[in-house]
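**Student:** As input, take model-v2.txt (compact mmCIF, C-alpha atoms):
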# COMPACT_ATOMS: atom_id res chain seq x y z
CA ASP A 253 59.15 -25.30 -22.74
CA ALA A 254 58.06 -28.13 -20.47
CA GLY A 255 57.30 -30.43 -23.36
CA VAL A 256 54.12 -32.41 -23.85
CA ILE A 257 52.41 -32.97 -20.52
CA GLN A 258 50.11 -35.92 -19.91
CA SER A 259 48.02 -36.75 -16.90
CA PRO A 260 47.57 -38.92 -15.04
CA ARG A 261 50.78 -40.95 -15.38
CA HIS A 262 49.07 -44.06 -14.10
CA GLU A 263 45.39 -44.98 -14.00
CA VAL A 264 43.87 -48.11 -12.54
CA THR A 265 40.18 -48.58 -12.97
CA GLU A 266 37.55 -51.25 -13.06
CA MET A 267 35.83 -52.55 -16.14
CA GLY A 268 32.86 -50.43 -17.09
CA GLN A 269 34.18 -47.20 -15.60
CA GLU A 270 34.81 -44.04 -17.59
CA VAL A 271 38.44 -43.05 -18.07
CA THR A 272 39.68 -39.63 -19.18
CA LEU A 273 43.26 -39.04 -20.25
CA ARG A 274 44.58 -35.51 -20.62
CA CYS A 275 47.23 -33.87 -22.73
CA LYS A 276 48.78 -30.42 -22.93
CA PRO A 277 50.77 -29.99 -26.15
CA ILE A 278 53.84 -27.85 -26.63
CA SER A 279 52.86 -24.21 -27.02
CA GLY A 280 52.70 -23.14 -30.65
CA HIS A 281 52.33 -26.64 -32.05
CA ASP A 282 49.43 -27.07 -34.45
CA TYR A 283 49.20 -30.86 -34.58
CA LEU A 284 48.26 -33.22 -31.78
CA PHE A 285 48.39 -37.01 -31.95
CA TRP A 286 47.05 -39.74 -29.66
CA TYR A 287 48.79 -43.14 -29.77
CA ARG A 288 48.33 -46.41 -27.90
CA GLN A 289 51.19 -48.82 -27.24
CA THR A 290 50.88 -52.50 -26.33
CA MET A 291 53.35 -55.35 -26.46
CA MET A 292 51.25 -57.17 -29.03
CA ARG A 293 50.47 -54.32 -31.42
CA GLY A 294 53.26 -51.83 -30.82
CA LEU A 295 52.52 -48.13 -31.23
CA GLU A 296 49.22 -47.36 -32.98
CA LEU A 297 47.87 -43.97 -33.99
CA LEU A 298 44.35 -43.45 -32.67
CA ILE A 299 43.53 -39.95 -33.88
CA TYR A 300 45.19 -36.68 -34.75
CA PHE A 301 44.12 -33.04 -34.78
CA ASN A 302 45.25 -30.05 -36.80
CA ASN A 303 44.42 -26.63 -35.37
CA ASN A 304 42.05 -28.31 -32.89
CA VAL A 305 40.09 -30.07 -35.65
CA PRO A 306 40.09 -33.88 -35.82
CA ILE A 307 41.62 -34.91 -39.14
CA ASP A 308 41.92 -38.69 -39.01
CA ASP A 309 40.20 -40.85 -36.42
CA SER A 310 40.38 -44.09 -38.36
CA GLY A 311 42.54 -45.63 -35.65
CA MET A 312 39.97 -45.18 -32.91
CA PRO A 313 39.02 -48.74 -31.96
CA GLU A 314 35.31 -48.27 -31.52
CA ASP A 315 32.61 -45.95 -30.28
CA ARG A 316 33.77 -46.38 -26.72
CA PHE A 317 36.68 -44.10 -27.53
CA SER A 318 36.30 -40.37 -28.09
CA ALA A 319 38.77 -37.50 -28.27
CA LYS A 320 38.33 -33.76 -28.07
CA MET A 321 40.51 -30.71 -28.42
CA PRO A 322 38.54 -27.71 -27.13
CA ASN A 323 41.50 -25.35 -27.54
CA ALA A 324 45.10 -25.29 -28.69
CA SER A 325 46.48 -26.14 -25.27
CA PHE A 326 44.36 -29.08 -24.16
CA SER A 327 43.07 -32.41 -25.41
CA THR A 328 41.29 -35.35 -23.84
CA LEU A 329 40.91 -39.00 -24.74
CA LYS A 330 37.93 -40.65 -23.13
CA ILE A 331 37.04 -44.33 -22.88
CA GLN A 332 33.51 -45.15 -21.81
CA PRO A 333 32.93 -47.86 -20.76
CA SER A 334 36.45 -49.19 -20.27
CA GLU A 335 37.35 -52.84 -20.84
CA PRO A 336 40.38 -54.92 -19.80
CA ARG A 337 41.61 -55.01 -23.41
CA ASP A 338 42.01 -51.23 -23.28
CA SER A 339 44.92 -51.68 -20.88
CA ALA A 340 47.93 -50.06 -22.56
CA VAL A 341 50.19 -47.04 -22.46
CA TYR A 342 48.59 -44.05 -24.14
CA PHE A 343 50.85 -41.38 -25.58
CA CYS A 344 50.08 -37.89 -26.72
CA ALA A 345 52.42 -36.16 -29.17
CA SER A 346 52.47 -32.70 -30.67
CA SER A 347 54.12 -31.24 -33.73
CA TYR A 348 54.58 -28.02 -35.62
CA GLY A 349 53.62 -28.67 -39.23
CA GLY A 350 52.97 -32.34 -38.63
CA ASP A 351 56.56 -33.43 -39.17
CA ILE A 352 58.71 -34.10 -36.10
CA GLN A 353 56.53 -35.37 -33.26
CA TYR A 354 57.33 -34.73 -29.62
CA PHE A 355 55.87 -37.24 -27.21
CA GLY A 356 54.66 -36.98 -23.65
CA ALA A 357 55.65 -39.44 -20.94
CA GLY A 358 52.45 -41.42 -21.45
CA THR A 359 49.59 -42.65 -19.29
CA ARG A 360 49.74 -46.28 -18.22
CA LEU A 361 46.15 -47.53 -18.06
CA SER A 362 45.16 -50.72 -16.31
CA VAL A 363 41.54 -51.84 -16.54
CA LEU A 364 40.74 -54.61 -14.09
CA ASP B 1484 56.30 -45.11 -46.46
CA ALA B 1485 59.32 -47.24 -47.30
CA LYS B 1486 60.08 -50.30 -45.19
CA THR B 1487 63.15 -50.32 -42.95
CA THR B 1488 65.29 -53.17 -41.62
CA GLN B 1489 67.30 -52.90 -38.40
CA PRO B 1490 69.23 -55.43 -36.32
CA PRO B 1491 67.18 -56.47 -33.30
CA SER B 1492 69.89 -55.77 -30.76
CA MET B 1493 73.35 -54.30 -30.27
CA ASP B 1494 75.74 -53.76 -27.38
CA CYS B 1495 78.15 -50.89 -26.96
CA ALA B 1496 80.72 -50.08 -24.30
CA GLU B 1497 80.16 -46.90 -22.35
CA GLY B 1498 82.17 -44.01 -23.78
CA ARG B 1499 82.56 -45.64 -27.18
CA ALA B 1500 80.70 -44.71 -30.33
CA ALA B 1501 77.49 -46.58 -31.04
CA ASN B 1502 76.79 -47.12 -34.73
CA LEU B 1503 73.25 -48.22 -35.49
CA PRO B 1504 72.55 -49.33 -39.07
CA CYS B 1505 69.30 -49.15 -41.01
CA ASN B 1506 68.46 -50.48 -44.45
CA HIS B 1507 65.79 -48.71 -46.50
CA SER B 1508 66.38 -49.93 -50.04
CA THR B 1509 62.91 -48.92 -51.28
CA ILE B 1510 63.17 -45.31 -50.14
CA SER B 1511 61.63 -42.77 -52.53
CA GLY B 1512 63.24 -39.54 -53.64
CA ASN B 1513 61.07 -37.36 -51.42
CA GLU B 1514 61.35 -39.52 -48.30
CA TYR B 1515 63.46 -38.53 -45.33
CA VAL B 1516 65.15 -40.80 -42.81
CA TYR B 1517 64.05 -40.15 -39.22
CA TRP B 1518 65.45 -41.63 -36.03
CA TYR B 1519 63.58 -41.86 -32.76
CA ARG B 1520 64.38 -43.75 -29.60
CA GLN B 1521 62.32 -45.03 -26.69
CA ILE B 1522 63.90 -45.40 -23.30
CA HIS B 1523 62.13 -47.91 -21.09
CA SER B 1524 58.87 -46.55 -19.63
CA GLN B 1525 59.21 -43.26 -21.48
CA GLY B 1526 57.65 -41.79 -24.60
CA PRO B 1527 59.46 -41.95 -27.94
CA GLN B 1528 62.04 -39.21 -28.43
CA TYR B 1529 63.03 -37.60 -31.72
CA ILE B 1530 66.76 -37.75 -32.41
CA ILE B 1531 67.58 -36.57 -35.92
CA HIS B 1532 66.48 -36.71 -39.53
CA GLY B 1533 67.92 -36.14 -42.99
CA LEU B 1534 67.28 -36.42 -46.72
CA LYS B 1535 70.60 -37.15 -48.38
CA ASN B 1536 73.28 -35.11 -46.70
CA ASN B 1537 74.90 -36.16 -43.46
CA GLU B 1538 73.40 -34.43 -40.44
CA THR B 1539 74.67 -33.73 -36.94
CA ASN B 1540 73.03 -32.28 -33.86
CA GLU B 1541 73.73 -32.27 -30.15
CA MET B 1542 72.48 -35.84 -29.78
CA ALA B 1543 73.83 -37.74 -32.76
CA SER B 1544 75.08 -37.86 -36.31
CA LEU B 1545 73.25 -39.36 -39.26
CA ILE B 1546 75.20 -40.78 -42.18
CA ILE B 1547 73.18 -41.57 -45.32
CA THR B 1548 74.79 -43.50 -48.16
CA GLU B 1549 75.01 -41.87 -51.55
CA ASP B 1550 72.37 -44.19 -53.02
CA ARG B 1551 70.21 -43.50 -49.93
CA LYS B 1552 69.47 -47.18 -49.48
CA SER B 1553 70.94 -47.31 -46.00
CA SER B 1554 71.94 -45.06 -43.14
CA THR B 1555 73.79 -45.15 -39.83
CA LEU B 1556 72.95 -43.34 -36.63
CA ILE B 1557 76.06 -42.54 -34.62
CA LEU B 1558 76.05 -41.76 -30.91
CA PRO B 1559 79.64 -40.51 -30.54
CA HIS B 1560 80.14 -41.22 -26.84
CA ALA B 1561 77.48 -43.60 -25.60
CA THR B 1562 76.39 -43.42 -21.97
CA LEU B 1563 74.29 -45.77 -19.89
CA ARG B 1564 71.37 -43.39 -20.39
CA ASP B 1565 71.49 -44.10 -24.12
CA THR B 1566 70.23 -47.63 -23.52
CA ALA B 1567 66.96 -47.69 -25.45
CA VAL B 1568 65.17 -49.05 -28.49
CA TYR B 1569 66.16 -47.04 -31.57
CA TYR B 1570 63.76 -46.73 -34.48
CA CYS B 1571 64.58 -45.82 -38.06
CA ILE B 1572 61.58 -44.47 -39.98
CA VAL B 1573 61.34 -43.20 -43.53
CA GLY B 1574 58.65 -40.95 -44.92
CA PRO B 1575 57.94 -37.62 -46.60
CA SER B 1576 58.74 -34.49 -44.66
CA GLY B 1577 56.14 -32.03 -43.46
CA SER B 1578 53.14 -34.31 -43.68
CA ALA B 1579 51.23 -35.37 -40.61
CA ARG B 1580 51.10 -39.12 -40.53
CA GLN B 1581 51.33 -42.09 -38.27
CA LEU B 1582 54.87 -42.90 -37.23
CA THR B 1583 55.37 -46.59 -37.96
CA PHE B 1584 57.99 -47.66 -35.48
CA GLY B 1585 58.61 -51.27 -36.43
CA SER B 1586 60.74 -53.41 -34.14
CA GLY B 1587 63.78 -51.16 -33.88
CA THR B 1588 67.20 -51.96 -32.41
CA GLN B 1589 67.60 -52.52 -28.70
CA LEU B 1590 70.87 -50.76 -27.85
CA THR B 1591 72.41 -51.75 -24.55
CA VAL B 1592 75.28 -49.62 -23.32
CA LEU B 1593 77.51 -51.65 -21.03
CA PRO B 1594 79.54 -50.17 -18.18
Using structure tokens, write down the structure from this file.

**Tutor:**
Amino acid sequence: DAGVIQSPRHEVTEMGQEVTLRCKPISGHDYLFWYRQTMMRGLELLIYFNNNVPIDDSGMPEDRFSAKMPNASFSTLKIQPSEPRDSAVYFCASSYGGDIQYFGAGTRLSVL
Amino acid sequence: DAKTTQPPSMDCAEGRAANLPCNHSTISGNEYVYWYRQIHSQGPQYIIHGLKNNETNEMASLIITEDRKSSTLILPHATLRDTAVYYCIVGPSGSARQLTFGSGTQLTVLP
């Protein structure tokens, strides 16, 4: 398996623009997690899905952030409108049974 | 989840064994010890986990003390590519949850 695939790897955008991050989990995994990593706050869980259903979105910073999982092989994290404080590395991880999580390479987002 | 304590940094010579300690004195009976690492500019990578018996896989060995209050991750023959931040995490198995990575140990493998 190719592992968890995230795109794009790098995104540079201007404040106020919409940003969409994409994730393809490992085939057969039933859990998908979105994390954000910054120097100040470390790795933070934003939201996770089980069988395509959002289970816990308490980590989503505010209404500007939204995540969807239309099917078992694809998820998106959208920020609209983006702000400079959203600059971070965003990781997607998938898991079978919610235990061991396998991470993608991440998307480095810079909002100018 | 129980709190863990790790040294902030360690060095190891290439080809030698790297022994990374972790204290988890408040671990509960149903909590496992998990190890992940994060190589610079990459996503975290699962290494190994265990409950109370020693575990070994193709990447590493995990030694858990009999009282389960501490453990050691062993990389038997460290290479330069093993330079990374290593995280020890404790928590129940099989339950989806946030992985709380803490500060970890920065392992630097020296040539």

**Student:** Residues of chain A no more than 9 Å from chain B, counting only C-alpha atoms: send them over as an MDAnalysis selection string.

**Tutor:** chainID A and resid 283 285 287 294:297 300 302 343:345 347:358

**Student:** Show me, as a PyMOL selection string, the residues that have an atom within 10 Å of B:Ile1557 when counting all atoms listed in the file, minus same-chain residues fewer than 2 positions from it.

**Tutor:** chain B and resi 1500-1504+1539+1542-1546+1554-1555+1559-1561

**Student:** Atoms to include: C-alpha atoms. Write the selected residues as an mmCIF file, keeping the file's coordinate frame.

**Tutor:**
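Output file result-v3.cif is given in full below:
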data_model
loop_
_atom_site.group_PDB
_atom_site.id
_atom_site.type_symbol
_atom_site.label_atom_id
_atom_site.label_comp_id
_atom_site.auth_asym_id
_atom_site.auth_seq_id
_atom_site.Cartn_x
_atom_site.Cartn_y
_atom_site.Cartn_z
ATOM 1 C CA ALA B 1500 80.700 -44.710 -30.330
ATOM 2 C CA ALA B 1501 77.490 -46.580 -31.040
ATOM 3 C CA ASN B 1502 76.790 -47.120 -34.730
ATOM 4 C CA LEU B 1503 73.250 -48.220 -35.490
ATOM 5 C CA PRO B 1504 72.550 -49.330 -39.070
ATOM 6 C CA THR B 1539 74.670 -33.730 -36.940
ATOM 7 C CA MET B 1542 72.480 -35.840 -29.780
ATOM 8 C CA ALA B 1543 73.830 -37.740 -32.760
ATOM 9 C CA SER B 1544 75.080 -37.860 -36.310
ATOM 10 C CA LEU B 1545 73.250 -39.360 -39.260
ATOM 11 C CA ILE B 1546 75.200 -40.780 -42.180
ATOM 12 C CA SER B 1554 71.940 -45.060 -43.140
ATOM 13 C CA THR B 1555 73.790 -45.150 -39.830
ATOM 14 C CA PRO B 1559 79.640 -40.510 -30.540
ATOM 15 C CA HIS B 1560 80.140 -41.220 -26.840
ATOM 16 C CA ALA B 1561 77.480 -43.600 -25.600
#

**Student:** Considering all atoms listed in the file, state which residue in the set A:Ser339, A:Ser310, A:Asn304, A:Gln258 is at the smallest distance from A:Ala324.

**Tutor:**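 Selected residue with least distance to A:Ala324: A:Asn304.
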
**Student:** Please provide as a compact mmCIF listing (two decimals) with C-alpha atoms, keeping the file's coordinate frame all residues within 7 Å of B:Val1592, with the sequence filter that same-chain residues fewer than 4 positions apart are discarded (counting all atoms listed in the file).

**Tutor:**
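Printed below is selection.txt as written:
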# COMPACT_ATOMS: atom_id res chain seq x y z
CA ASP B 1494 75.74 -53.76 -27.38
CA CYS B 1495 78.15 -50.89 -26.96
CA ALA B 1496 80.72 -50.08 -24.30
CA GLU B 1497 80.16 -46.90 -22.35
CA ALA B 1561 77.48 -43.60 -25.60
CA THR B 1562 76.39 -43.42 -21.97
CA LEU B 1563 74.29 -45.77 -19.89
CA ASP B 1565 71.49 -44.10 -24.12
CA THR B 1566 70.23 -47.63 -23.52

**Student:** What is the distance between atom CA of B:Gly1512 and atom CA of B:Thr1488, in Å to one decimal?

**Tutor:**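 That distance, rounded to one decimal, is 18.3 Å.
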
**Student:** Just how far from atom CA of A:Asp315 is atom CA of A:His281, in Å to one decimal?

**Tutor:** 27.7 Å

**Student:** Rank nothing, just name the residue among A:Cys275, A:Val264, A:Ala254, A:Ala340 nearest to A:Phe326, using all atoms listed in the file.

**Tutor:**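 Answer, going by the shortest atom-to-atom distance: A:Cys275.
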
**Student:** Can you tell me which residues surround B:Gly1587 at a distance of at most 10 Å, considering only C-alpha atoms, apart from same-chain residues fewer than 4 positions away, and format the answer as a list in words?

**Tutor:**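 Counting only C-alpha atoms, the residues come to Thr1487, Thr1488, Gln1489, Pro1490, Pro1491, Ser1492, Cys1505, Trp1518, Tyr1519, Arg1520, Gln1521, Ala1567, Val1568, Tyr1569, Tyr1570, Cys1571 and Ile1572 of chain B.
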
**Student:** Mind giving me the straight-line distance from atom CA of A:Pro313 to atom CA of A:Leu361 in Å, one decimal?

**Tutor:**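 Distance reported for this atom pair: 15.7 Å.
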
**Student:** Please list as an MDAnalysis selection string every residue within 8 Å of stretch 331-335 of chain A, counting only C-alpha atoms and excluding residues in the same chain fewer than 6 positions away.

**Tutor:** chainID A and resid 266:272 316:318 363:364
